[in-house]
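Heads up: the structure comes next, in structure tokens.
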Amino acid sequence: MNSNDLLRTALRGLRTNRARAAMTMLGIVIGVASVALMLSLGRSFQSYILTQIDRFGTNTIDIFPVGLEKFGGNLDSLTLDDARAVARLSTVRSVAPVIVVGKPVRFEDEERSPMVMGTTREIFGNYGLELEAGRLLDAHDDDSTRFVTVLAADTARELFGDIDPVGRRVDIGGFSFTVVGVLKGMGSLLLQDLDSMVYVPFNVARSITAQKHVTYITLKAAADPQLAKQDILSLLRQRHRIRNPENDPDKDDVIVRSAEQVTSIVQSVTLGLTVFLGLVAAISLIVGGIGIMNIMLASVTERTREIGLRKAVGARHRDILWQFLCEAVSLTAFGGAVGLLFGTGMGWMLTRVASRFLGEVPFALSPVGAILALVMAAGTGLVFGVFPARKAARLSPMEALRYE
Amino acid sequence: MTAMTPPLLETRSLGKIYLNDDVETPVLFDVSLAITKGEFVAIMGPSGSGKSTLMHILGFLDTHTSGDFLFQGEQTQAFDDDALARIRATRVSFVFQAFNLLPRTTVFDNVLLPLLYHPTIPTSEREARTNKAIAAVGLTDRATFFSSQLSGGQKQRVAIARALVTDPEVIFADEPTGNLDSASGAAVMEALQKLNDAGHTIILVTHESETAAHAKRIIRLHDGRVVEDTTSFKRRVANENTKLK
Ligand SMILES: Nc1ncnc2c1ncn2[C@@H]1O[C@H](COP(=O)(O)OP(=O)(O)OP(=O)(O)O)[C@@H](O)[C@H]1O
Ligand SMILES: [Mg+2]
């Protein structure tokens with residue numbers, strides 16, 4: 001049997017048993033599509049998070065009380081004096097203390113509860129925030145405790161609609177503030193919506209909350225973030241009278257985290273996520289595989305008789321094997337290609353939908369995943385299509401023809 | 001043919017025991033016979049006597065379990081899969097008692113099937129040969145029908161066409177007229193007769209004495225043993241003798 005006959009026989013075999021071929025292909029399509037989808041979602045999510053972090057710069061460092069991360073931990077271990085002391089370190093720059101004011105914001109009948117941050121002008125640079133209209137907060141606002149505020153894009157739109165907010169007055173926790181600026185829409189950063197923030201001068205926040213401590217401090221490393229972190233930790237330990245030469249994080253009352261560190265955390269979290277999604281996909285691949293298996297097993301009797309007949313009229317062992325291999329390969333190739341297209345298309349669509357809510361989510365392909373899925377699908381096809389065929393081809397023609 | 005030429009097919013004390021899940025069913029015992037090129041042999045015997053079993057072994061479709069089976073003097077046990085496949089593709093063909101057509105496949109493709117595995121018949125001849133074989137059994141108007149759309153007799157004729165398509169030396173036919181009316185049965189026998197006249201070896205199983213009358217030799221089986229093996233000449237003499245008595 002030449003290769004032309006072989007291919008034609010295989011394709012004819014698939015055409016003769018359309019339902020069987022279609023069901024098998026469906027199993028492969030589902031399996032491959034879900035693997036391609038899940039893995040590309042995992043990768044897309046990872047690259048989304050990493051772009052986000054990049055945007056805010058890997059030299060950004062946050063200092064916050066352990067209580068923000070550990071339940072029952074200290075929440076008021078940071079003070080403005082701490083922030084000032086940190087600012088004097090040569091390894092840091094652009095230090096911005098933050099007090100979060102838990103108060104609603106109102107304009108006429110519209111009331112919202114965005115995050116109100118009492119902070120200094122450095123924060124805009126640290127978070128890469130840009131101005132749409134008006135001006136940012138400046139040192140004078142802080143020094144003279146002016147009741148002025150800068151609104152992020154969504155908050156401004158929700159409160160004011162089409163009205164230009166600059167120059168108007170809003171009410172924050174019973175105090176009247178003049179809007180001096182509106183920020184550009186930025187999307188979100190690490191799943192925190194940057195566009196629903198409200199910024200007021202640090203000293204104003206301090207006076208209306210009567211709060212002695214700061215919620216957290218954000219700054220940039222002047223050079224090496226690692227070095228800056230070390231300096232900050234030893235300074236704060238000294239100020240808070242904590243002896244911790246062995247660097248035991250349980251002994252500290254603050255956490256100093258660089259974006260660099262966040263990057264690696266995110267990387268391991270999203271890796272975990274990808275593995276998890278991969279497992280989900282593997283399950284559907286197995287389900288698809290079981291489908292294929294069922295169909296193949298259901299047709300073993302008929303196919304065994306077919307093999308018996310082909311051998312009776314002169315087919316060699318390898319003619320039979322090649323025929324079944326060809327069938328399996330064509331099925332897997334078709335099904336795999338359709339599955340890949342389908343899964344990738346779904347992944348692309350989902351990232352487009354997600355982009356509407358989370359800011360640009362880049363779409364990432366997972367070639368390794370795609371290859372893996374194809375190999376597994378091919379494996380299933382081979383094991384459940386070619387293996388029984390091989391067994392049948394070893395029988396004498398009559399044994400195969402009698403099979404039931 | 002010299003005396004030195006070995007017979008085409010030869011069995012020596014051949015036995016067959018079917019084995020299914022540890023259950024042994026002995027079917028053939030001590031079968032010794034030789035068939036030379038060009039013979040026309042009818043195998044007869046009651047149902048269950050082992051006719052089909054013997055045919056399958058002689059047609060290289062099944063294996064025996066004791067004794068010897070020789071092809072042109074060579075022990076067939078020594079043949080590997082490729083050698084057996086080549087013999088099945090080029091030297092012998094088989095009309096099954098149960099037809100064994102491919103389901104959901106047209107008459108044309110069923111008849112064409114052996115040509116796909118024939119090592120020497122060129123691709124260009126396939127269509128003509130297939131059509132010729134189909135015409136020989138009178139099914140030209142049914143060539144595009146699926147095997148499921150045929151009557152029992154038509155299926156039998158497709159099975160016969162498939163056996164003729166490679167023009168093999170030896171044709172085994174297991175009750176080839178069993179499902180046919182006397183007219184088509186006679187036509188099939190005539191076709192086989194012509195093939196035999198042209199030098200082909202024909203071995204068939206039949207219950208009908210009319211059909212057996214075409215054969216020059218009758219092998220009669222009973223409970224898996226050869227109880228009679230006669231040429232038509234001997235038969236005639238035997239018949240005369242019984243008539244005389
Ligand atoms: N695969 C098998 N396993 C076990 N026994 C079998 C098998 N095939 C046939 N037999 C037995 O072998 C005996 C001979 O069967 P075979 O088909 O050769 O008979 P036959 O002479 O062709 O009969 P018929 O005229 O009815 O076709 C029967 O008793 C049958 O039950
Ligand atoms: Mg029989």
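Identifiers for the structure tokens are assigned positionally: chains receive A, B, ... in sequence, residues are indexed from 1 per chain, and ligands are indexed from 1 in the order shown.
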
Can you write out as a Markdown table which residues of chain B fall within 12 Å of ligand 2, alongside each residue's closest atom pair and its distance in Å to one decimal, counting only C-alpha atoms and all ligand atoms and ordering rows by chain and ascending residue number?
```
| residue | atom | partner | partner_atom_place_in_ligand_line | distance |
| --- | --- | --- | --- | --- |
| B:Ile43 | CA | ligand 2 | 1 (Mg) | 10.2 |
| B:Met44 | CA | ligand 2 | 1 (Mg) | 9.9 |
| B:Gly45 | CA | ligand 2 | 1 (Mg) | 9.7 |
| B:Pro46 | CA | ligand 2 | 1 (Mg) | 9.4 |
| B:Ser47 | CA | ligand 2 | 1 (Mg) | 6.9 |
| B:Gly48 | CA | ligand 2 | 1 (Mg) | 7.0 |
| B:Ser49 | CA | ligand 2 | 1 (Mg) | 8.3 |
| B:Gly50 | CA | ligand 2 | 1 (Mg) | 7.0 |
| B:Lys51 | CA | ligand 2 | 1 (Mg) | 5.6 |
| B:Ser52 | CA | ligand 2 | 1 (Mg) | 4.0 |
| B:Thr53 | CA | ligand 2 | 1 (Mg) | 7.2 |
| B:Leu54 | CA | ligand 2 | 1 (Mg) | 9.3 |
| B:Met55 | CA | ligand 2 | 1 (Mg) | 8.7 |
| B:His56 | CA | ligand 2 | 1 (Mg) | 9.8 |
| B:Val95 | CA | ligand 2 | 1 (Mg) | 11.4 |
| B:Phe96 | CA | ligand 2 | 1 (Mg) | 8.8 |
| B:Gln97 | CA | ligand 2 | 1 (Mg) | 6.3 |
| B:Ala98 | CA | ligand 2 | 1 (Mg) | 8.8 |
| B:Phe99 | CA | ligand 2 | 1 (Mg) | 11.7 |
| B:Ala173 | CA | ligand 2 | 1 (Mg) | 10.3 |
| B:Asp174 | CA | ligand 2 | 1 (Mg) | 6.6 |
| B:Glu175 | CA | ligand 2 | 1 (Mg) | 7.5 |
| B:Pro176 | CA | ligand 2 | 1 (Mg) | 10.9 |
| B:Gly178 | CA | ligand 2 | 1 (Mg) | 10.7 |
| B:Leu204 | CA | ligand 2 | 1 (Mg) | 10.6 |
| B:Val205 | CA | ligand 2 | 1 (Mg) | 7.7 |
| B:Thr206 | CA | ligand 2 | 1 (Mg) | 9.0 |
| B:His207 | CA | ligand 2 | 1 (Mg) | 10.1 |
| B:Leu221 | CA | ligand 2 | 1 (Mg) | 11.6 |
```

Give me a file of those residues, with N, CA, C and O atoms, as a CSV table (one decimal), in the first residue's frame.
```
chain,number,residue,atom,x,y,z
B,43,ILE,N,-15.8,-29.4,-1.1
B,43,ILE,CA,-15.7,-30.0,0.2
B,43,ILE,C,-17.2,-30.1,0.7
B,43,ILE,O,-17.9,-29.1,0.7
B,44,MET,N,-17.6,-31.3,1.1
B,44,MET,CA,-19.0,-31.5,1.5
B,44,MET,C,-19.0,-32.1,2.9
B,44,MET,O,-18.0,-32.5,3.4
B,45,GLY,N,-20.2,-32.1,3.5
B,45,GLY,CA,-20.3,-32.7,4.8
B,45,GLY,C,-21.4,-32.0,5.6
B,45,GLY,O,-21.8,-30.9,5.2
B,46,PRO,N,-21.8,-32.6,6.6
B,46,PRO,CA,-22.9,-32.0,7.4
B,46,PRO,C,-22.5,-30.7,8.1
B,46,PRO,O,-21.3,-30.5,8.2
B,47,SER,N,-23.5,-30.0,8.5
B,47,SER,CA,-23.2,-28.7,9.2
B,47,SER,C,-22.4,-29.0,10.4
B,47,SER,O,-22.7,-29.9,11.2
B,48,GLY,N,-21.4,-28.2,10.7
B,48,GLY,CA,-20.6,-28.3,11.9
B,48,GLY,C,-19.5,-29.4,11.7
B,48,GLY,O,-18.8,-29.7,12.7
B,49,SER,N,-19.3,-29.9,10.5
B,49,SER,CA,-18.3,-31.0,10.4
B,49,SER,C,-16.9,-30.4,10.2
B,49,SER,O,-15.9,-31.2,10.3
B,50,GLY,N,-16.8,-29.1,10.1
B,50,GLY,CA,-15.5,-28.5,10.0
B,50,GLY,C,-15.0,-28.0,8.7
B,50,GLY,O,-13.9,-27.7,8.4
B,51,LYS,N,-16.0,-27.9,7.7
B,51,LYS,CA,-15.7,-27.5,6.4
B,51,LYS,C,-15.1,-26.1,6.3
B,51,LYS,O,-14.0,-25.8,5.8
B,52,SER,N,-15.8,-25.1,7.0
B,52,SER,CA,-15.3,-23.8,6.9
B,52,SER,C,-13.9,-23.7,7.6
B,52,SER,O,-13.0,-23.0,7.2
B,53,THR,N,-13.8,-24.4,8.8
B,53,THR,CA,-12.6,-24.3,9.5
B,53,THR,C,-11.4,-24.8,8.6
B,53,THR,O,-10.4,-24.1,8.5
B,54,LEU,N,-11.6,-25.9,7.9
B,54,LEU,CA,-10.5,-26.4,7.0
B,54,LEU,C,-10.2,-25.4,5.9
B,54,LEU,O,-9.1,-25.1,5.6
B,55,MET,N,-11.3,-24.8,5.3
B,55,MET,CA,-11.1,-23.8,4.3
B,55,MET,C,-10.3,-22.6,4.8
B,55,MET,O,-9.4,-22.1,4.1
B,56,HIS,N,-10.6,-22.1,6.0
B,56,HIS,CA,-9.9,-21.0,6.5
B,56,HIS,C,-8.4,-21.3,6.7
B,56,HIS,O,-7.5,-20.4,6.4
B,95,VAL,N,-14.1,-16.3,-0.6
B,95,VAL,CA,-15.5,-15.9,-0.5
B,95,VAL,C,-16.1,-16.4,0.8
B,95,VAL,O,-16.2,-17.7,0.9
B,96,PHE,N,-16.4,-15.5,1.7
B,96,PHE,CA,-16.8,-16.0,3.0
B,96,PHE,C,-18.2,-16.4,3.0
B,96,PHE,O,-19.1,-15.9,2.3
B,97,GLN,N,-18.5,-17.4,3.9
B,97,GLN,CA,-19.8,-17.9,4.1
B,97,GLN,C,-20.7,-16.7,4.6
B,97,GLN,O,-21.8,-16.6,4.2
B,98,ALA,N,-20.1,-15.9,5.4
B,98,ALA,CA,-20.8,-14.7,6.0
B,98,ALA,C,-20.5,-13.4,5.3
B,98,ALA,O,-20.7,-12.4,5.8
B,99,PHE,N,-20.0,-13.5,4.0
B,99,PHE,CA,-19.7,-12.4,3.2
B,99,PHE,C,-18.6,-11.5,3.7
B,99,PHE,O,-17.7,-11.2,2.9
B,173,ALA,N,-14.2,-20.7,-1.9
B,173,ALA,CA,-15.6,-20.2,-1.9
B,173,ALA,C,-16.4,-21.0,-0.9
B,173,ALA,O,-16.6,-22.2,-1.1
B,174,ASP,N,-16.8,-20.4,0.2
B,174,ASP,CA,-17.5,-21.1,1.2
B,174,ASP,C,-19.0,-21.0,1.0
B,174,ASP,O,-19.6,-19.9,1.2
B,175,GLU,N,-19.6,-22.0,0.4
B,175,GLU,CA,-21.0,-22.0,0.0
B,175,GLU,C,-21.4,-20.7,-0.8
B,175,GLU,O,-22.2,-19.9,-0.4
B,176,PRO,N,-20.7,-20.6,-2.0
B,176,PRO,CA,-20.9,-19.3,-2.8
B,176,PRO,C,-22.3,-19.2,-3.4
B,176,PRO,O,-22.7,-18.2,-3.8
B,178,GLY,N,-25.1,-20.5,-1.8
B,178,GLY,CA,-26.0,-20.7,-0.7
B,178,GLY,C,-27.2,-19.8,-0.6
B,178,GLY,O,-28.3,-20.1,-0.2
B,204,LEU,N,-14.3,-25.2,-3.2
B,204,LEU,CA,-15.5,-24.7,-2.6
B,204,LEU,C,-16.2,-25.6,-1.7
B,204,LEU,O,-16.0,-26.8,-1.7
B,205,VAL,N,-17.0,-25.0,-0.8
B,205,VAL,CA,-17.8,-25.8,0.1
B,205,VAL,C,-19.3,-25.7,-0.4
B,205,VAL,O,-19.7,-24.7,-0.9
B,206,THR,N,-19.9,-26.9,-0.4
B,206,THR,CA,-21.4,-26.8,-0.9
B,206,THR,C,-22.1,-28.0,-0.3
B,206,THR,O,-21.6,-29.0,0.2
B,207,HIS,N,-23.4,-27.7,-0.2
B,207,HIS,CA,-24.3,-28.8,0.3
B,207,HIS,C,-25.0,-29.4,-0.9
B,207,HIS,O,-25.6,-30.5,-0.8
B,221,LEU,N,-16.3,-34.4,4.7
B,221,LEU,CA,-15.9,-34.4,6.1
B,221,LEU,C,-17.0,-34.9,6.9
B,221,LEU,O,-18.2,-34.7,6.6
```

Using DSSP on the backbone coordinates, identify all residues within region 26-224 of chain A classified as alpha helix (DSSP H); present the result as a PyMOL selection string. chain A and resi 26-56+80-87+122-126+139-143+153-160+202-209

Option closest in space to chain B, from A:Thr304, A:Ser94, A:Thr351, A:Thr380 [counting only C-alpha atoms]: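 Checking each of A:Thr304, A:Ser94, A:Thr351, A:Thr380 against chain B, counting only C-alpha atoms, the winner is A:Thr304.
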
For a quick test of understanding: name the residues of chain A lying within 8 Å of chain B when counting only C-alpha atoms, and present them as a ChimeraX atom specification. /A:1,5,16-17,306,309-317,396-399,401

Rank nothing, just name the residue among B:Asp141, B:Glu169, B:Glu127, B:Asp109 nearest to Gln154 (chain B), using only C-alpha atoms.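 Nearest candidate to Gln154 (chain B) out of B:Asp141, B:Glu169, B:Glu127, B:Asp109: B:Asp141.
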
Contact residues around Asp62 (chain A) with only C-alpha atoms at 8 Å, ignoring same-chain residues under 3 positions, as a PDB file with N, CA, C and O atoms, in the first residue's frame:
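For reference, part29.pdb as written:
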```
ATOM      1  N   TYR A 216       0.554  54.509  56.108  1.00  0.00           N
ATOM      2  CA  TYR A 216       1.762  53.908  55.526  1.00  0.00           C
ATOM      3  C   TYR A 216       2.621  54.989  54.901  1.00  0.00           C
ATOM      4  O   TYR A 216       2.218  56.161  54.827  1.00  0.00           O
ATOM      5  N   ILE A 217       3.811  54.614  54.494  1.00  0.00           N
ATOM      6  CA  ILE A 217       4.737  55.561  53.877  1.00  0.00           C
ATOM      7  C   ILE A 217       5.164  54.969  52.538  1.00  0.00           C
ATOM      8  O   ILE A 217       5.452  53.769  52.453  1.00  0.00           O
ATOM      9  N   THR A 218       5.152  55.833  51.507  1.00  0.00           N
ATOM     10  CA  THR A 218       5.646  55.327  50.224  1.00  0.00           C
ATOM     11  C   THR A 218       6.805  56.203  49.782  1.00  0.00           C
ATOM     12  O   THR A 218       6.836  57.412  50.049  1.00  0.00           O
ATOM     13  N   LEU A 219       7.802  55.600  49.139  1.00  0.00           N
ATOM     14  CA  LEU A 219       8.985  56.353  48.731  1.00  0.00           C
ATOM     15  C   LEU A 219       9.682  55.656  47.581  1.00  0.00           C
ATOM     16  O   LEU A 219       9.257  54.583  47.149  1.00  0.00           O
ATOM     17  N   VAL A 256       8.790  46.495  55.369  1.00  0.00           N
ATOM     18  CA  VAL A 256       9.331  47.326  54.296  1.00  0.00           C
ATOM     19  C   VAL A 256       9.325  46.462  53.040  1.00  0.00           C
ATOM     20  O   VAL A 256       9.957  45.418  53.000  1.00  0.00           O
ATOM     21  N   ARG A 257       8.551  46.905  52.043  1.00  0.00           N
ATOM     22  CA  ARG A 257       8.451  46.040  50.858  1.00  0.00           C
ATOM     23  C   ARG A 257       8.768  46.824  49.602  1.00  0.00           C
ATOM     24  O   ARG A 257       8.196  47.880  49.353  1.00  0.00           O
ATOM     25  N   SER A 258       9.667  46.273  48.821  1.00  0.00           N
ATOM     26  CA  SER A 258       9.977  46.930  47.551  1.00  0.00           C
ATOM     27  C   SER A 258       9.142  46.283  46.449  1.00  0.00           C
ATOM     28  O   SER A 258       8.716  45.145  46.570  1.00  0.00           O
TER      29      SER A 258
END
```

Name the residues in contact with region 71-77 of chain A at a cut-off of 10 Å, using only C-alpha atoms, excluding same-chain residues fewer than 5 positions from it; report them as a list in words. Phe64, Pro65, Val66, Asp82, Gln211, Lys212, His213, Val214, Thr215, Tyr216, Leu236, His240, Asp252, Asp253 and Val254 of chain A

Leaving out region 114-116 of chain A and any residue of its chain fewer than 4 positions from it, which residues lie within 8 Å of it when counting only C-alpha atoms, given as a list in words?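 Non-adjacent residues within range: Val100, Val101, Gly102, Lys103, Pro104, Val105, Thr155, Ser196, Met197, Val198, Tyr199 and Val200 of chain A.
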
Those residues you just picked out, can you put them in a file as a PDB file, in the first residue's frame with C-alpha atoms?
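And here's selection26.pdb as it stands now:
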```
ATOM      1  CA  VAL A 100      -6.231  57.196  54.976  1.00  0.00           C
ATOM      2  CA  VAL A 101      -9.292  59.212  55.907  1.00  0.00           C
ATOM      3  CA  GLY A 102     -12.323  56.962  56.236  1.00  0.00           C
ATOM      4  CA  LYS A 103     -14.885  59.595  55.293  1.00  0.00           C
ATOM      5  CA  PRO A 104     -17.472  59.856  52.508  1.00  0.00           C
ATOM      6  CA  VAL A 105     -17.155  62.504  49.799  1.00  0.00           C
ATOM      7  CA  THR A 155     -14.445  59.857  41.397  1.00  0.00           C
ATOM      8  CA  SER A 196     -11.421  56.100  42.573  1.00  0.00           C
ATOM      9  CA  MET A 197      -9.020  57.940  44.905  1.00  0.00           C
ATOM     10  CA  VAL A 198      -9.217  61.354  46.473  1.00  0.00           C
ATOM     11  CA  TYR A 199      -6.076  63.205  47.595  1.00  0.00           C
ATOM     12  CA  VAL A 200      -5.932  65.855  50.309  1.00  0.00           C
TER      13      VAL A 200
END
```

Find the residues around Ala223 (chain A) up to 10 Å (only C-alpha atoms counted), leave out those fewer than 2 positions away in its own chain, and share them as a compact mmCIF listing (two decimals) with N, CA, C and O atoms, in the first residue's frame.
```txt
# COMPACT_ATOMS: atom_id res chain seq x y z
N ASN A 59 11.64 50.54 41.76
CA ASN A 59 12.37 51.13 42.89
C ASN A 59 11.44 51.78 43.91
O ASN A 59 11.88 52.49 44.80
N SER A 90 20.20 58.88 52.99
CA SER A 90 20.74 59.25 51.67
C SER A 90 20.29 58.26 50.59
O SER A 90 20.35 58.56 49.41
N THR A 91 19.83 57.07 51.01
CA THR A 91 19.48 56.05 50.01
C THR A 91 18.04 56.15 49.54
O THR A 91 17.60 55.34 48.73
N VAL A 92 17.28 57.11 50.05
CA VAL A 92 15.88 57.23 49.62
C VAL A 92 15.58 58.63 49.11
O VAL A 92 16.34 59.56 49.34
N ARG A 93 14.48 58.73 48.38
CA ARG A 93 14.01 60.03 47.94
C ARG A 93 12.49 59.98 47.82
O ARG A 93 11.89 58.90 47.91
N LYS A 220 10.73 56.29 47.08
CA LYS A 220 11.52 55.66 46.03
C LYS A 220 12.93 55.45 46.54
O LYS A 220 13.44 56.27 47.31
N ALA A 221 13.55 54.37 46.10
CA ALA A 221 14.95 54.16 46.44
C ALA A 221 15.78 55.09 45.57
O ALA A 221 15.49 55.25 44.39
N PRO A 225 17.44 49.45 45.65
CA PRO A 225 16.30 49.27 46.56
C PRO A 225 16.68 48.38 47.76
O PRO A 225 16.21 48.60 48.87
N GLN A 226 17.55 47.40 47.53
CA GLN A 226 17.96 46.49 48.59
C GLN A 226 18.65 47.26 49.71
O GLN A 226 18.37 47.07 50.90
N LEU A 227 19.54 48.16 49.28
CA LEU A 227 20.30 48.98 50.23
C LEU A 227 19.35 49.90 51.00
O LEU A 227 19.43 50.03 52.23
N ALA A 228 18.45 50.54 50.28
CA ALA A 228 17.48 51.44 50.90
C ALA A 228 16.67 50.69 51.94
O ALA A 228 16.44 51.18 53.05
```

Measuring atom to atom with only C-alpha atoms, identify which of B:Glu210, B:Asp30, B:Asp181, B:Asp21 is nearest to Asp68 (chain B).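 When distances to Asp68 (chain B) are compared using only C-alpha atoms, the smallest one comes from B:Asp30.
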
List as a PDB file with all heavy atoms, in the first residue's frame the protein and nucleic acid residues near Ala282 (chain A), meaning an atom at most 8 Å away when only C-alpha atoms are counted, but skip any in the same chain fewer than 3 places from it.
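As written to disk, result.pdb reads:
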```pdb
ATOM      1  N   GLY A  31     -10.471  19.304  24.929  1.00  0.00           N
ATOM      2  CA  GLY A  31      -9.252  19.174  25.721  1.00  0.00           C
ATOM      3  C   GLY A  31      -8.226  20.228  25.355  1.00  0.00           C
ATOM      4  O   GLY A  31      -7.741  20.973  26.214  1.00  0.00           O
ATOM      5  N   VAL A  35      -6.961  23.620  27.548  1.00  0.00           N
ATOM      6  CA  VAL A  35      -5.573  23.796  27.973  1.00  0.00           C
ATOM      7  C   VAL A  35      -5.026  25.113  27.417  1.00  0.00           C
ATOM      8  O   VAL A  35      -4.430  25.920  28.139  1.00  0.00           O
ATOM      9  CB  VAL A  35      -4.692  22.614  27.509  1.00  0.00           C
ATOM     10  CG1 VAL A  35      -3.234  22.930  27.733  1.00  0.00           C
ATOM     11  CG2 VAL A  35      -5.078  21.363  28.260  1.00  0.00           C
ATOM     12  N   GLY A 278      -3.852  25.132  34.802  1.00  0.00           N
ATOM     13  CA  GLY A 278      -3.366  24.016  33.995  1.00  0.00           C
ATOM     14  C   GLY A 278      -3.989  22.705  34.454  1.00  0.00           C
ATOM     15  O   GLY A 278      -4.368  21.863  33.646  1.00  0.00           O
ATOM     16  N   LEU A 279      -4.107  22.560  35.778  1.00  0.00           N
ATOM     17  CA  LEU A 279      -4.702  21.335  36.311  1.00  0.00           C
ATOM     18  C   LEU A 279      -6.167  21.235  35.909  1.00  0.00           C
ATOM     19  O   LEU A 279      -6.638  20.178  35.501  1.00  0.00           O
ATOM     20  CB  LEU A 279      -4.581  21.313  37.843  1.00  0.00           C
ATOM     21  CG  LEU A 279      -3.202  20.927  38.361  1.00  0.00           C
ATOM     22  CD1 LEU A 279      -3.179  20.926  39.869  1.00  0.00           C
ATOM     23  CD2 LEU A 279      -2.810  19.557  37.828  1.00  0.00           C
ATOM     24  N   LEU A 285      -8.961  17.836  29.743  1.00  0.00           N
ATOM     25  CA  LEU A 285      -8.252  17.024  28.756  1.00  0.00           C
ATOM     26  C   LEU A 285      -8.513  15.543  29.027  1.00  0.00           C
ATOM     27  O   LEU A 285      -8.737  14.754  28.109  1.00  0.00           O
ATOM     28  CB  LEU A 285      -6.755  17.321  28.830  1.00  0.00           C
ATOM     29  CG  LEU A 285      -5.936  17.002  27.601  1.00  0.00           C
ATOM     30  CD1 LEU A 285      -6.381  17.825  26.427  1.00  0.00           C
ATOM     31  CD2 LEU A 285      -4.463  17.256  27.878  1.00  0.00           C
ATOM     32  N   ILE A 286      -8.503  15.201  30.314  1.00  0.00           N
ATOM     33  CA  ILE A 286      -8.761  13.810  30.688  1.00  0.00           C
ATOM     34  C   ILE A 286     -10.194  13.436  30.335  1.00  0.00           C
ATOM     35  O   ILE A 286     -10.461  12.368  29.788  1.00  0.00           O
ATOM     36  CB  ILE A 286      -8.492  13.596  32.194  1.00  0.00           C
ATOM     37  CG1 ILE A 286      -6.983  13.655  32.455  1.00  0.00           C
ATOM     38  CG2 ILE A 286      -9.060  12.261  32.668  1.00  0.00           C
ATOM     39  CD1 ILE A 286      -6.610  13.697  33.913  1.00  0.00           C
TER      40      ILE A 286
END
```

Members of region 191-312 of chain A assigned strand (DSSP E or B) by DSSP, as a VMD selection string: chain A and resid 192 to 193 197 to 201 213 216 to 221 254 to 258

So what do you get for CA of Gly161 (chain A) versus CA of Asp138 (chain A), distance-wise?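 Separation between CA of Gly161 (chain A) and CA of Asp138 (chain A): 26.2 Å.
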